[in-house]
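Okay, protein02.txt now, which holds compact mmCIF, C-alpha atoms:
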# COMPACT_ATOMS: atom_id res chain seq x y z
CA MET A 74 120.61 112.81 97.90
CA ARG A 75 122.07 110.36 95.36
CA VAL A 76 119.80 107.39 94.63
CA LEU A 77 121.06 104.39 92.68
CA ASP A 78 117.95 103.05 90.97
CA LEU A 79 118.48 99.47 89.77
CA THR A 80 114.77 98.82 89.33
CA ASN A 81 112.61 97.65 86.44
CA VAL A 82 109.03 98.06 85.21
CA LEU A 83 106.82 99.73 87.85
CA ALA A 84 106.99 99.44 91.65
CA GLY A 85 110.70 100.27 91.95
CA PRO A 86 110.87 102.90 89.19
CA PHE A 87 107.75 104.56 90.64
CA ALA A 88 109.50 104.81 94.02
CA GLY A 89 112.57 106.30 92.38
CA TYR A 90 110.43 108.78 90.47
CA GLN A 91 108.74 110.00 93.66
CA LEU A 92 112.16 110.52 95.29
CA GLY A 93 113.37 112.36 92.20
CA LEU A 94 110.35 114.65 92.22
CA MET A 95 111.26 115.60 95.78
CA GLY A 96 114.78 116.57 94.77
CA ALA A 97 116.91 113.41 94.77
CA ASP A 98 119.56 112.85 92.09
CA VAL A 99 118.36 109.52 90.73
CA VAL A 100 120.89 107.53 88.71
CA LYS A 101 119.09 104.77 86.83
CA VAL A 102 121.50 101.83 86.47
CA GLU A 103 120.39 99.79 83.45
CA VAL A 104 121.54 96.67 81.63
CA PRO A 105 123.57 97.58 78.52
CA GLY A 106 121.67 97.08 75.28
CA SER A 107 118.20 96.54 76.74
CA GLY A 108 117.68 98.58 79.89
CA ASP A 109 114.47 98.73 81.88
CA LEU A 110 111.82 96.36 80.48
CA ALA A 111 109.36 99.26 80.65
CA ARG A 112 111.27 100.83 77.74
CA SER A 113 109.44 98.35 75.49
CA LEU A 114 106.01 98.66 77.14
CA GLY A 115 103.08 101.02 76.62
CA GLY A 116 100.41 102.14 74.19
CA ASP A 117 102.70 103.50 71.43
CA ALA A 118 104.43 100.73 69.46
CA GLU A 119 106.77 103.17 67.70
CA LEU A 120 108.08 104.58 70.97
CA SER A 121 108.44 101.07 72.41
CA ALA A 122 110.55 100.08 69.43
CA GLU A 123 112.83 103.04 70.16
CA GLY A 124 113.32 102.00 73.78
CA LEU A 125 111.11 104.84 74.92
CA GLY A 126 107.92 103.00 75.82
CA VAL A 127 105.15 105.04 77.37
CA SER A 128 105.41 102.96 80.54
CA PHE A 129 109.05 104.07 80.86
CA LEU A 130 108.42 107.71 80.00
CA ALA A 131 105.69 107.93 82.65
CA GLN A 132 108.00 107.46 85.64
CA ASN A 133 111.58 108.17 84.71
CA GLY A 134 111.63 111.90 84.10
CA GLY A 135 114.45 113.67 85.93
CA LYS A 136 116.58 110.52 86.17
CA ARG A 137 120.00 109.97 84.60
CA SER A 138 120.72 106.68 82.81
CA LEU A 139 123.96 104.74 83.30
CA THR A 140 124.43 101.36 81.62
CA LEU A 141 126.35 98.86 83.69
CA ASP A 142 126.74 95.07 83.55
CA LEU A 143 126.94 93.80 87.14
CA LYS A 144 127.90 90.34 85.85
CA ASN A 145 131.07 91.87 84.43
CA PRO A 146 134.03 92.21 86.88
CA ALA A 147 134.83 95.69 85.58
CA GLY A 148 131.17 96.62 85.91
CA ARG A 149 131.13 95.48 89.52
CA GLU A 150 134.17 97.65 90.24
CA VAL A 151 132.29 100.68 88.90
CA PHE A 152 129.28 99.72 90.99
CA GLU A 153 131.43 99.65 94.13
CA ARG A 154 132.47 103.23 93.46
CA LEU A 155 128.87 104.23 92.93
CA VAL A 156 127.78 102.61 96.20
CA ARG A 157 130.53 104.38 98.17
CA GLU A 158 129.19 107.76 97.06
CA ALA A 159 125.46 106.98 97.15
CA ASP A 160 122.88 107.77 99.81
CA VAL A 161 120.27 105.24 98.65
CA LEU A 162 120.32 101.96 96.74
CA LEU A 163 116.94 100.89 95.37
CA GLU A 164 116.40 97.54 93.63
CA ASN A 165 113.56 95.15 92.83
CA PHE A 166 115.39 92.00 91.82
CA ARG A 167 114.17 88.67 93.09
CA PRO A 168 115.48 88.07 96.63
CA GLY A 169 119.12 87.01 96.62
CA VAL A 170 120.01 88.21 93.11
CA LEU A 171 122.13 91.19 94.20
CA ALA A 172 123.90 89.00 96.78
CA ARG A 173 124.75 86.44 94.08
CA LEU A 174 126.26 89.26 92.05
CA GLY A 175 128.64 89.90 94.94
CA PHE A 176 126.72 92.53 96.88
CA PRO A 177 124.95 91.07 99.93
CA VAL A 178 123.82 93.47 102.64
CA GLU A 179 127.06 92.93 104.57
CA ARG A 180 129.22 93.90 101.58
CA LEU A 181 127.12 96.99 100.90
CA ARG A 182 127.57 98.07 104.53
CA GLU A 183 131.32 97.60 104.22
CA LEU A 184 131.32 99.89 101.22
CA ASN A 185 129.04 102.49 102.79
CA ALA A 186 127.89 102.27 106.42
CA GLY A 187 125.42 105.10 105.87
CA LEU A 188 123.75 103.56 102.83
CA VAL A 189 119.97 103.22 102.84
CA TYR A 190 119.40 99.98 100.93
CA CYS A 191 115.80 99.31 99.88
CA ALA A 192 114.84 96.00 98.28
CA VAL A 193 111.33 95.83 96.79
CA SER A 194 109.96 92.38 95.97
CA GLY A 195 106.66 90.59 95.58
CA PHE A 196 106.76 88.72 98.87
CA GLY A 197 109.73 90.07 100.83
CA GLN A 198 113.23 88.75 101.37
CA THR A 199 112.15 85.96 103.76
CA GLY A 200 109.35 83.41 104.04
CA PRO A 201 108.30 80.39 101.98
CA MET A 202 107.17 82.46 98.96
CA ARG A 203 110.23 84.72 98.78
CA GLY A 204 111.60 83.21 95.56
CA ARG A 205 108.40 83.28 93.54
CA PRO A 206 108.02 85.81 90.70
CA ALA A 207 105.30 88.40 91.21
CA TYR A 208 103.58 90.94 89.05
CA ASP A 209 100.77 93.27 90.05
CA GLN A 210 98.09 90.83 88.87
CA ILE A 211 99.50 88.08 91.09
CA ILE A 212 99.61 90.32 94.16
CA GLN A 213 96.09 91.64 93.58
CA GLY A 214 94.79 88.09 93.59
CA LEU A 215 96.79 86.83 96.57
CA SER A 216 96.11 89.87 98.75
CA GLY A 217 92.34 89.58 98.52
CA ILE A 218 91.96 92.83 96.59
CA MET A 219 90.31 91.08 93.66
CA SER A 220 87.86 89.24 95.93
CA VAL A 221 86.34 92.50 97.16
CA THR A 222 86.44 94.31 93.82
CA GLY A 223 83.47 94.27 91.47
CA THR A 224 79.93 93.11 92.12
CA PRO A 225 78.97 89.82 93.79
CA GLU A 226 78.41 88.51 90.25
CA SER A 227 81.63 89.85 88.65
CA ALA A 228 84.14 89.38 91.49
CA PRO A 229 86.97 88.52 91.61
CA THR A 230 87.91 91.53 89.48
CA ARG A 231 91.26 93.19 88.94
CA THR A 232 91.39 96.93 89.60
CA GLY A 233 91.73 99.01 86.46
CA PHE A 234 95.35 100.00 87.11
CA PRO A 235 98.35 98.25 88.75
CA ILE A 236 97.49 99.29 92.28
CA ALA A 237 99.75 96.75 94.04
CA ASP A 238 102.80 98.00 92.13
CA THR A 239 101.94 101.62 92.82
CA LEU A 240 101.33 101.04 96.53
CA GLY A 241 104.61 99.14 96.73
CA GLY A 242 106.40 102.10 95.17
CA TYR A 243 104.86 104.57 97.58
CA ALA A 244 105.73 102.32 100.55
CA ALA A 245 109.35 102.12 99.38
CA ALA A 246 109.65 105.89 98.89
CA PHE A 247 108.15 106.51 102.34
CA ALA A 248 110.45 103.99 104.02
CA ILE A 249 113.52 105.44 102.30
CA SER A 250 112.60 108.96 103.38
CA ALA A 251 112.16 107.83 106.98
CA ALA A 252 115.48 105.96 106.90
CA LEU A 253 117.24 109.08 105.63
CA VAL A 254 115.88 111.00 108.64
CA LYS A 255 117.25 108.28 110.91
CA ARG A 256 120.62 108.43 109.16
CA ALA A 257 120.77 112.20 109.54
CA ARG A 258 120.41 111.73 113.31
CA THR A 259 122.59 108.65 113.80
CA GLY A 260 124.85 108.37 110.76
CA ILE A 261 123.72 104.78 110.36
CA GLY A 262 122.09 103.42 107.21
CA SER A 263 119.21 100.93 106.97
CA TYR A 264 118.24 97.79 105.12
CA LEU A 265 114.61 98.10 104.03
CA ASP A 266 112.69 95.00 102.94
CA VAL A 267 109.47 96.05 101.14
CA SER A 268 106.92 93.35 100.32
CA MET A 269 104.28 94.20 97.73
CA LEU A 270 101.97 91.53 99.17
CA GLU A 271 102.19 92.93 102.69
CA THR A 272 101.82 96.49 101.41
CA ALA A 273 98.64 95.54 99.55
CA VAL A 274 97.15 93.78 102.58
CA ALA A 275 98.13 96.65 104.89
CA ALA A 276 96.50 99.14 102.52
CA MET A 277 93.19 97.28 102.91
CA GLY A 278 93.13 98.21 106.59
CA TRP A 279 89.40 98.79 106.94
CA VAL A 280 88.46 95.71 104.94
CA VAL A 281 90.97 93.48 106.71
CA SER A 282 89.96 94.77 110.14
CA ASP A 283 86.35 93.85 109.47
CA TYR A 284 87.57 90.27 109.51
CA LEU A 285 90.35 90.50 112.13
CA VAL A 286 88.30 92.46 114.66
CA ALA A 287 84.64 91.98 113.81
CA GLY A 288 84.87 88.50 112.30
CA ARG A 289 82.95 89.61 109.21
CA VAL A 290 84.12 88.12 105.92
CA PRO A 291 84.63 90.94 103.38
CA ARG A 292 82.78 90.56 100.11
CA ALA A 293 82.43 92.40 96.83
CA MET A 294 79.70 95.04 96.95
CA GLY A 295 80.19 96.74 93.61
CA ASN A 296 80.02 100.50 94.06
CA GLU A 297 78.36 100.35 97.46
CA ASN A 298 80.16 101.34 100.68
CA ALA A 299 79.74 98.75 103.42
CA THR A 300 80.09 101.32 106.20
CA SER A 301 77.28 103.64 105.17
CA ALA A 302 74.23 104.35 102.98
CA PRO A 303 73.47 106.11 100.78
CA SER A 304 77.09 105.81 99.71
CA GLY A 305 77.70 104.54 96.22
CA THR A 306 76.96 105.09 92.54
CA PHE A 307 73.50 106.17 91.36
CA ARG A 308 71.88 106.32 87.93
CA THR A 309 70.69 109.66 86.56
CA ALA A 310 69.06 110.70 83.30
CA ALA A 311 72.55 110.90 81.78
CA GLY A 312 75.65 109.59 83.48
CA ASP A 313 76.31 108.05 86.88
CA LEU A 314 76.66 110.04 90.10
CA ASN A 315 78.67 109.13 93.17
CA ILE A 316 77.06 110.18 96.46
CA ALA A 317 78.61 109.57 99.87
CA ALA A 318 76.17 110.92 102.47
CA ASN A 319 77.94 109.21 105.35
CA LYS A 320 76.81 111.60 108.09
CA GLN A 321 73.23 112.03 109.30
CA GLU A 322 73.22 115.74 108.48
CA GLN A 323 74.47 114.99 104.96
CA TYR A 324 71.68 112.51 104.41
CA VAL A 325 69.07 115.00 105.63
CA GLU A 326 70.49 117.73 103.39
CA LEU A 327 70.52 115.39 100.39
CA CYS A 328 66.84 114.53 100.89
CA ARG A 329 65.98 118.22 101.31
CA ILE A 330 67.70 119.27 98.06
CA LEU A 331 66.19 116.37 96.15
CA ASP A 332 62.79 117.41 97.51
CA ARG A 333 62.35 114.02 99.18
CA PRO A 334 61.54 114.92 102.81
CA ASP A 335 59.55 111.70 103.05
CA LEU A 336 62.82 109.75 103.09
CA ILE A 337 64.07 111.53 106.21
CA ASP A 338 61.41 110.19 108.57
CA ASP A 339 60.85 106.85 106.87
CA VAL A 340 61.67 104.29 109.58
CA ARG A 341 63.64 102.22 107.08
CA PHE A 342 66.04 105.11 106.50
CA ALA A 343 65.95 107.13 109.72
CA THR A 344 69.36 106.04 111.05
CA ARG A 345 72.72 104.97 109.62
CA GLU A 346 72.16 101.33 110.60
CA SER A 347 68.61 101.20 109.28
CA ARG A 348 69.75 102.73 105.98
CA LYS A 349 72.48 100.09 105.67
CA ALA A 350 69.91 97.36 106.34
CA HIS A 351 67.63 98.76 103.62
CA ARG A 352 70.23 100.11 101.20
CA ALA A 353 68.62 98.55 98.13
CA GLU A 354 65.24 100.17 98.83
CA LEU A 355 66.91 103.52 99.57
CA LYS A 356 68.91 103.36 96.37
CA ALA A 357 65.76 102.70 94.36
CA GLU A 358 63.93 105.63 95.97
CA LEU A 359 66.81 108.04 95.34
CA GLU A 360 67.23 106.92 91.73
CA ARG A 361 63.52 107.55 91.08
CA THR A 362 64.31 111.22 91.67
CA LEU A 363 67.84 111.35 90.28
CA GLU A 364 66.75 109.88 86.93
CA ARG A 365 64.74 113.05 86.24
CA GLU A 366 67.94 115.05 85.54
CA THR A 367 71.53 114.51 84.42
CA ALA A 368 74.54 113.78 86.62
CA THR A 369 75.91 117.21 85.72
CA HIS A 370 72.71 118.90 86.88
CA TRP A 371 72.73 117.13 90.25
CA ASP A 372 76.44 117.75 90.70
CA GLU A 373 75.95 121.49 90.22
CA LEU A 374 72.93 121.53 92.51
CA LEU A 375 74.62 119.60 95.32
CA ALA A 376 78.18 120.91 94.99
CA GLY A 377 77.84 123.62 97.61
CA SER A 378 75.59 121.69 99.98
CA GLY A 379 78.21 119.88 102.01
CA VAL A 380 77.05 116.53 100.62
CA PRO A 381 80.00 114.70 99.01
CA VAL A 382 78.97 114.19 95.40
CA ALA A 383 80.57 114.03 91.94
CA PRO A 384 79.90 112.46 88.55
CA VAL A 385 81.67 109.27 87.49
CA LEU A 386 84.17 110.21 84.78
CA THR A 387 86.27 108.40 82.21
CA VAL A 388 90.06 108.77 82.43
CA GLU A 389 89.93 111.22 79.53
CA GLU A 390 87.29 113.31 81.29
CA ALA A 391 89.17 113.20 84.59
CA LEU A 392 92.37 114.48 82.95
CA SER A 393 90.45 117.48 81.62
CA LEU A 394 89.29 118.59 85.09
CA GLU A 395 90.06 122.24 85.69
CA GLN A 396 91.03 121.33 89.26
CA LEU A 397 93.99 119.26 88.07
CA SER A 398 95.15 121.98 85.70
CA ALA A 399 94.83 124.62 88.40
CA ARG A 400 97.00 122.48 90.68
CA GLU A 401 99.54 122.01 87.85
CA LEU A 402 99.68 118.23 88.09
CA PHE A 403 100.71 117.89 84.43
CA HIS A 404 104.07 119.07 83.13
CA GLU A 405 105.64 119.42 79.70
CA VAL A 406 109.17 118.14 79.08
CA PRO A 407 111.02 117.57 75.78
CA MET A 408 110.78 114.20 74.07
CA PRO A 409 113.98 112.17 74.60
CA ASP A 410 114.30 111.44 70.88
CA GLY A 411 114.29 115.12 69.91
CA ARG A 412 110.96 115.11 68.06
CA GLU A 413 109.15 118.43 68.05
CA ARG A 414 106.17 117.53 70.18
CA SER A 415 106.62 117.73 73.93
CA LEU A 416 105.97 114.97 76.44
CA ARG A 417 103.20 115.47 78.99
CA VAL A 418 103.91 113.76 82.31
CA LEU A 419 102.52 113.67 85.83
CA GLY A 420 104.29 115.52 88.62
CA SER A 421 103.91 114.91 92.32
CA SER A 422 100.54 114.84 94.08
CA VAL A 423 102.19 116.91 96.83
CA HIS A 424 102.74 120.66 96.79
CA VAL A 425 105.81 121.90 98.66
CA ASP A 426 105.67 125.37 100.24
CA GLY A 427 102.72 126.21 98.03
CA HIS A 428 104.33 125.08 94.78
CA PRO A 429 103.72 122.05 92.53
CA VAL A 430 106.57 119.57 92.10
CA ALA A 431 107.72 118.56 88.61
CA PRO A 432 110.52 116.43 87.12
CA THR A 433 113.66 118.48 86.55
CA SER A 434 114.35 117.02 83.11
CA ARG A 435 113.00 114.62 80.48
CA PRO A 436 113.32 110.82 80.75
CA PRO A 437 116.76 109.62 79.60
CA ARG A 438 117.82 107.64 76.59
CA LEU A 439 119.40 104.30 77.49
CA GLY A 440 122.91 104.98 78.81
CA GLU A 441 122.67 108.66 77.96
CA HIS A 442 124.58 109.80 81.06
CA THR A 443 127.12 106.98 81.31
CA THR A 444 130.12 109.11 80.38
CA GLU A 445 128.96 112.01 82.54
CA ILE A 446 128.52 109.84 85.64
CA LEU A 447 131.75 107.89 85.16
CA THR A 448 133.68 111.12 84.69
CA ALA A 449 132.25 112.43 87.97
CA LEU A 450 133.47 109.20 89.62
CA GLY A 451 137.00 109.98 88.48
CA TYR A 452 137.30 107.83 85.36
CA THR A 453 139.37 109.24 82.50
CA PRO A 454 138.20 109.14 78.88
CA THR A 455 140.64 106.28 78.23
CA GLN A 456 139.31 104.30 81.18
CA ILE A 457 135.73 104.94 80.11
CA GLN A 458 136.51 103.62 76.64
CA ALA A 459 138.17 100.58 78.18
CA LEU A 460 135.07 99.83 80.24
CA ALA A 461 132.95 99.93 77.09
CA THR A 462 135.41 97.67 75.26
CA LYS A 463 135.22 95.13 78.11
CA GLY A 464 131.43 95.16 77.87
CA ALA A 465 131.03 96.61 81.36
CA THR A 466 128.95 99.60 80.21

Could I get this structure in the form of structure tokens?
Amino acid sequence: MRVLDLTNVLAGPFAGYQLGLMGADVVKVEVPGSGDLARSLGGDAELSAEGLGVSFLAQNGGKRSLTLDLKNPAGREVFERLVREADVLLENFRPGVLARLGFPVERLRELNAGLVYCAVSGFGQTGPMRGRPAYDQIIQGLSGIMSVTGTPESAPTRTGFPIADTLGGYAAAFAISAALVKRARTGIGSYLDVSMLETAVAAMGWVVSDYLVAGRVPRAMGNENATSAPSGTFRTAAGDLNIAANKQEQYVELCRILDRPDLIDDVRFATRESRKAHRAELKAELERTLERETATHWDELLAGSGVPVAPVLTVEEALSLEQLSARELFHEVPMPDGRERSLRVLGSSVHVDGHPVAPTSRPPRLGEHTTEILTALGYTPTQIQALATKGAT
């Protein structure tokens, strides 16, 4: 499948990366001279200055880069050829931008009736907020995510990573995949309108339903789980421990292993509802015991018990988990600038037929594949040079 990826920064490029990991040929169409804004973002200033920002490297492996100016008449002619041969067009401009460049949905359908066109935006292509700019921070606040994140004292709190962008990317990749199945059966393409705001709200299904169905206003509870107790983060002698004893038998087993049989029959903690009503007292009782040993000790003791438990790790500690290495989540590809050290990137979280999924090649330099792609479209070397001279590529 050929995907034209006209996206920038995170939600759109993340969607394109997921499609590429699953085997799509993703052609990243970038603005000549600057390219994806993510090329200048990330934790390494030197790489950002080279147009290879860490934020770009993280989600553009396996893609090919073509520079094209869609404001240039010659560039638009090239784009028409690309659309005719593409399976998917993915963009995250503000609503209406691609139409103003001469490519409304109707024109795209004229060029390619089987095209799956996916537009990712902050608020969707319709509605009173459609034209407003949106970044992850904005969507987290508007969706209610921040209001239920953190403690009652610290909320509203942003999540520690751009979750609204990431969810939007996953939603787009899922919708595109479904539309390709439809096209395989009918021959007809689709126009997919992905709203980051709606994706974020939909992803909070349990929290939102508490209000829609039960009439309960969701609130920040820190590390506690509103649906059960004990289910949250507990102090130990060294490090924090997450415990989620959501079932009665798990709670009983937890008390048995901690040598606290008194907590099983205590009327305050005997049932799920009574434990929720007295969660603070239960937490205090459990921490009296847990603080005698380290989080690592309790994790090892409880690991085979059937009680969901694990220590709270830093990102650095999480990336060193043997489980992730055994599943081959991390992959080494060459650095785009030719330096000796390799680039370590994330593959897919999905295994296919028992095998991990990795990018097929390193992230591209800006415009690296322009000549290659134009040649495949039928342009001659003279025509390719003329396009560059006109400022189209």

TODO: Mind checking which residues fall within 12 Å of A:His370, counting only C-alpha atoms, ignoring those fewer than 4 positions away in the same chain, and posting them as a VMD selection string?
DONE: chain A and resid 309 to 314 331 363 to 366 374 to 376 382 to 384

Produce a file of the selected residues containing C-alpha atoms, as a CSV table (one decimal), keeping the file's coordinate frame.
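Result went into result.csv, see below:
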chain,number,residue,atom,x,y,z
A,309,THR,CA,70.7,109.7,86.6
A,310,ALA,CA,69.1,110.7,83.3
A,311,ALA,CA,72.6,110.9,81.8
A,312,GLY,CA,75.6,109.6,83.5
A,313,ASP,CA,76.3,108.0,86.9
A,314,LEU,CA,76.7,110.0,90.1
A,331,LEU,CA,66.2,116.4,96.2
A,363,LEU,CA,67.8,111.4,90.3
A,364,GLU,CA,66.8,109.9,86.9
A,365,ARG,CA,64.7,113.0,86.2
A,366,GLU,CA,67.9,115.0,85.5
A,374,LEU,CA,72.9,121.5,92.5
A,375,LEU,CA,74.6,119.6,95.3
A,376,ALA,CA,78.2,120.9,95.0
A,382,VAL,CA,79.0,114.2,95.4
A,383,ALA,CA,80.6,114.0,91.9
A,384,PRO,CA,79.9,112.5,88.6

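Residue nearest A:His404, chosen from A:Ala257, A:Leu110, A:Ala131, A:Ile316 and counting only C-alpha atoms: A:Ala131.
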
Open item on the list: Set the distance at 7 Å and use only C-alpha atoms: which residues neighbour A:Asp266 once local chain neighbours fewer than 5 positions away are removed? I'd like the list as a PyMOL selection string.
Closed with: chain A and resi 191-193+197-198

Please identify every residue of stretch 95-212 of chain A that has at least one atom no farther than 9 Å from an atom of stretch 270-276 of chain A, counting all atoms listed in the file, and for each give the shortest atom pair and the distance in Å to one decimal, arranged by chain then increasing number, as CSV.
residue,atom,partner,partner_atom,distance
A:Ser194,CA,A:Leu270,CA,8.6
A:Gly195,CA,A:Leu270,CA,6.0
A:Phe196,CA,A:Leu270,CA,5.6
A:Gly197,CA,A:Leu270,CA,8.1
A:Ile212,CA,A:Leu270,CA,5.7

- [ ] Just give me the gap between atom CA of A:Ala159 and atom CA of A:Val102 in Å, one decimal is fine.
- [x]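 Atom CA of A:Ala159 sits 12.5 Å away from atom CA of A:Val102.
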
Task: Between atom CA of A:Gln132 and atom CA of A:Ser415, distance in Å (one decimal) - done: 15.6 Å

Open item on the list: What does the structure give for the distance between atom CA of A:Pro201 and atom CA of A:Gly214, in Å to one decimal?
Closed with: 17.7 Å

Can you fill out stretch 262-289 of chain A with N, CA and C atoms and hand it back as a PDB file, in the coordinates of the input?
ATOM      1  N   GLY A 262     123.014 103.748 108.283  1.00  0.00           N
ATOM      2  CA  GLY A 262     122.090 103.420 107.210  1.00  0.00           C
ATOM      3  C   GLY A 262     121.073 102.371 107.635  1.00  0.00           C
ATOM      4  N   SER A 263     120.253 101.918 106.677  1.00  0.00           N
ATOM      5  CA  SER A 263     119.210 100.930 106.970  1.00  0.00           C
ATOM      6  C   SER A 263     119.077  99.957 105.811  1.00  0.00           C
ATOM      7  N   TYR A 264     118.591  98.776 106.133  1.00  0.00           N
ATOM      8  CA  TYR A 264     118.240  97.790 105.120  1.00  0.00           C
ATOM      9  C   TYR A 264     116.721  97.654 105.150  1.00  0.00           C
ATOM     10  N   LEU A 265     116.062  98.058 104.091  1.00  0.00           N
ATOM     11  CA  LEU A 265     114.610  98.100 104.030  1.00  0.00           C
ATOM     12  C   LEU A 265     114.094  96.984 103.114  1.00  0.00           C
ATOM     13  N   ASP A 266     113.243  96.149 103.641  1.00  0.00           N
ATOM     14  CA  ASP A 266     112.690  95.000 102.940  1.00  0.00           C
ATOM     15  C   ASP A 266     111.205  95.263 102.698  1.00  0.00           C
ATOM     16  N   VAL A 267     110.848  95.665 101.476  1.00  0.00           N
ATOM     17  CA  VAL A 267     109.470  96.050 101.140  1.00  0.00           C
ATOM     18  C   VAL A 267     108.790  94.913 100.384  1.00  0.00           C
ATOM     19  N   SER A 268     107.707  94.407 100.938  1.00  0.00           N
ATOM     20  CA  SER A 268     106.920  93.350 100.320  1.00  0.00           C
ATOM     21  C   SER A 268     105.665  93.938  99.688  1.00  0.00           C
ATOM     22  N   MET A 269     105.481  93.712  98.403  1.00  0.00           N
ATOM     23  CA  MET A 269     104.280  94.200  97.730  1.00  0.00           C
ATOM     24  C   MET A 269     103.032  93.529  98.289  1.00  0.00           C
ATOM     25  N   LEU A 270     103.126  92.236  98.607  1.00  0.00           N
ATOM     26  CA  LEU A 270     101.970  91.530  99.170  1.00  0.00           C
ATOM     27  C   LEU A 270     101.559  92.145 100.495  1.00  0.00           C
ATOM     28  N   GLU A 271     102.510  92.365 101.378  1.00  0.00           N
ATOM     29  CA  GLU A 271     102.190  92.930 102.690  1.00  0.00           C
ATOM     30  C   GLU A 271     101.705  94.368 102.569  1.00  0.00           C
ATOM     31  N   THR A 272     102.282  95.113 101.623  1.00  0.00           N
ATOM     32  CA  THR A 272     101.820  96.490 101.410  1.00  0.00           C
ATOM     33  C   THR A 272     100.371  96.505 100.957  1.00  0.00           C
ATOM     34  N   ALA A 273     100.020  95.599 100.046  1.00  0.00           N
ATOM     35  CA  ALA A 273      98.640  95.540  99.550  1.00  0.00           C
ATOM     36  C   ALA A 273      97.672  95.178 100.672  1.00  0.00           C
ATOM     37  N   VAL A 274      98.028  94.187 101.483  1.00  0.00           N
ATOM     38  CA  VAL A 274      97.150  93.780 102.580  1.00  0.00           C
ATOM     39  C   VAL A 274      97.029  94.905 103.608  1.00  0.00           C
ATOM     40  N   ALA A 275      98.162  95.559 103.925  1.00  0.00           N
ATOM     41  CA  ALA A 275      98.130  96.650 104.890  1.00  0.00           C
ATOM     42  C   ALA A 275      97.281  97.815 104.395  1.00  0.00           C
ATOM     43  N   ALA A 276      97.289  98.034 103.084  1.00  0.00           N
ATOM     44  CA  ALA A 276      96.500  99.140 102.520  1.00  0.00           C
ATOM     45  C   ALA A 276      95.006  98.876 102.589  1.00  0.00           C
ATOM     46  N   MET A 277      94.614  97.619 102.776  1.00  0.00           N
ATOM     47  CA  MET A 277      93.190  97.280 102.910  1.00  0.00           C
ATOM     48  C   MET A 277      92.768  97.297 104.376  1.00  0.00           C
ATOM     49  N   GLY A 278      93.336  98.199 105.149  1.00  0.00           N
ATOM     50  CA  GLY A 278      93.130  98.210 106.590  1.00  0.00           C
ATOM     51  C   GLY A 278      91.698  98.070 107.051  1.00  0.00           C
ATOM     52  N   TRP A 279      90.802  98.858 106.508  1.00  0.00           N
ATOM     53  CA  TRP A 279      89.400  98.790 106.940  1.00  0.00           C
ATOM     54  C   TRP A 279      88.784  97.440 106.603  1.00  0.00           C
ATOM     55  N   VAL A 280      89.038  96.981 105.385  1.00  0.00           N
ATOM     56  CA  VAL A 280      88.460  95.710 104.940  1.00  0.00           C
ATOM     57  C   VAL A 280      89.012  94.558 105.769  1.00  0.00           C
ATOM     58  N   VAL A 281      90.337  94.548 105.944  1.00  0.00           N
ATOM     59  CA  VAL A 281      90.970  93.480 106.710  1.00  0.00           C
ATOM     60  C   VAL A 281      90.509  93.490 108.161  1.00  0.00           C
ATOM     61  N   SER A 282      90.373  94.679 108.739  1.00  0.00           N
ATOM     62  CA  SER A 282      89.960  94.770 110.140  1.00  0.00           C
ATOM     63  C   SER A 282      88.538  94.298 110.368  1.00  0.00           C
ATOM     64  N   ASP A 283      87.700  94.408 109.349  1.00  0.00           N
ATOM     65  CA  ASP A 283      86.350  93.850 109.470  1.00  0.00           C
ATOM     66  C   ASP A 283      86.419  92.370 109.808  1.00  0.00           C
ATOM     67  N   TYR A 284      87.413  91.700 109.238  1.00  0.00           N
ATOM     68  CA  TYR A 284      87.570  90.270 109.510  1.00  0.00           C
ATOM     69  C   TYR A 284      88.358  90.020 110.789  1.00  0.00           C
ATOM     70  N   LEU A 285      89.496  90.735 110.971  1.00  0.00           N
ATOM     71  CA  LEU A 285      90.350  90.500 112.130  1.00  0.00           C
ATOM     72  C   LEU A 285      89.665  90.864 113.442  1.00  0.00           C
ATOM     73  N   VAL A 286      88.905  91.950 113.428  1.00  0.00           N
ATOM     74  CA  VAL A 286      88.300  92.460 114.660  1.00  0.00           C
ATOM     75  C   VAL A 286      86.845  92.047 114.802  1.00  0.00           C
ATOM     76  N   ALA A 287      86.082  92.237 113.729  1.00  0.00           N
ATOM     77  CA  ALA A 287      84.640  91.980 113.810  1.00  0.00           C
ATOM     78  C   ALA A 287      84.251  90.574 113.367  1.00  0.00           C
ATOM     79  N   GLY A 288      85.183  89.857 112.736  1.00  0.00           N
ATOM     80  CA  GLY A 288      84.870  88.500 112.300  1.00  0.00           C
ATOM     81  C   GLY A 288      83.975  88.450 111.079  1.00  0.00           C
ATOM     82  N   ARG A 289      83.810  89.574 110.388  1.00  0.00           N
ATOM     83  CA  ARG A 289      82.950  89.610 109.210  1.00  0.00           C
ATOM     84  C   ARG A 289      83.790  89.371 107.960  1.00  0.00           C
TER      85      ARG A 289
END
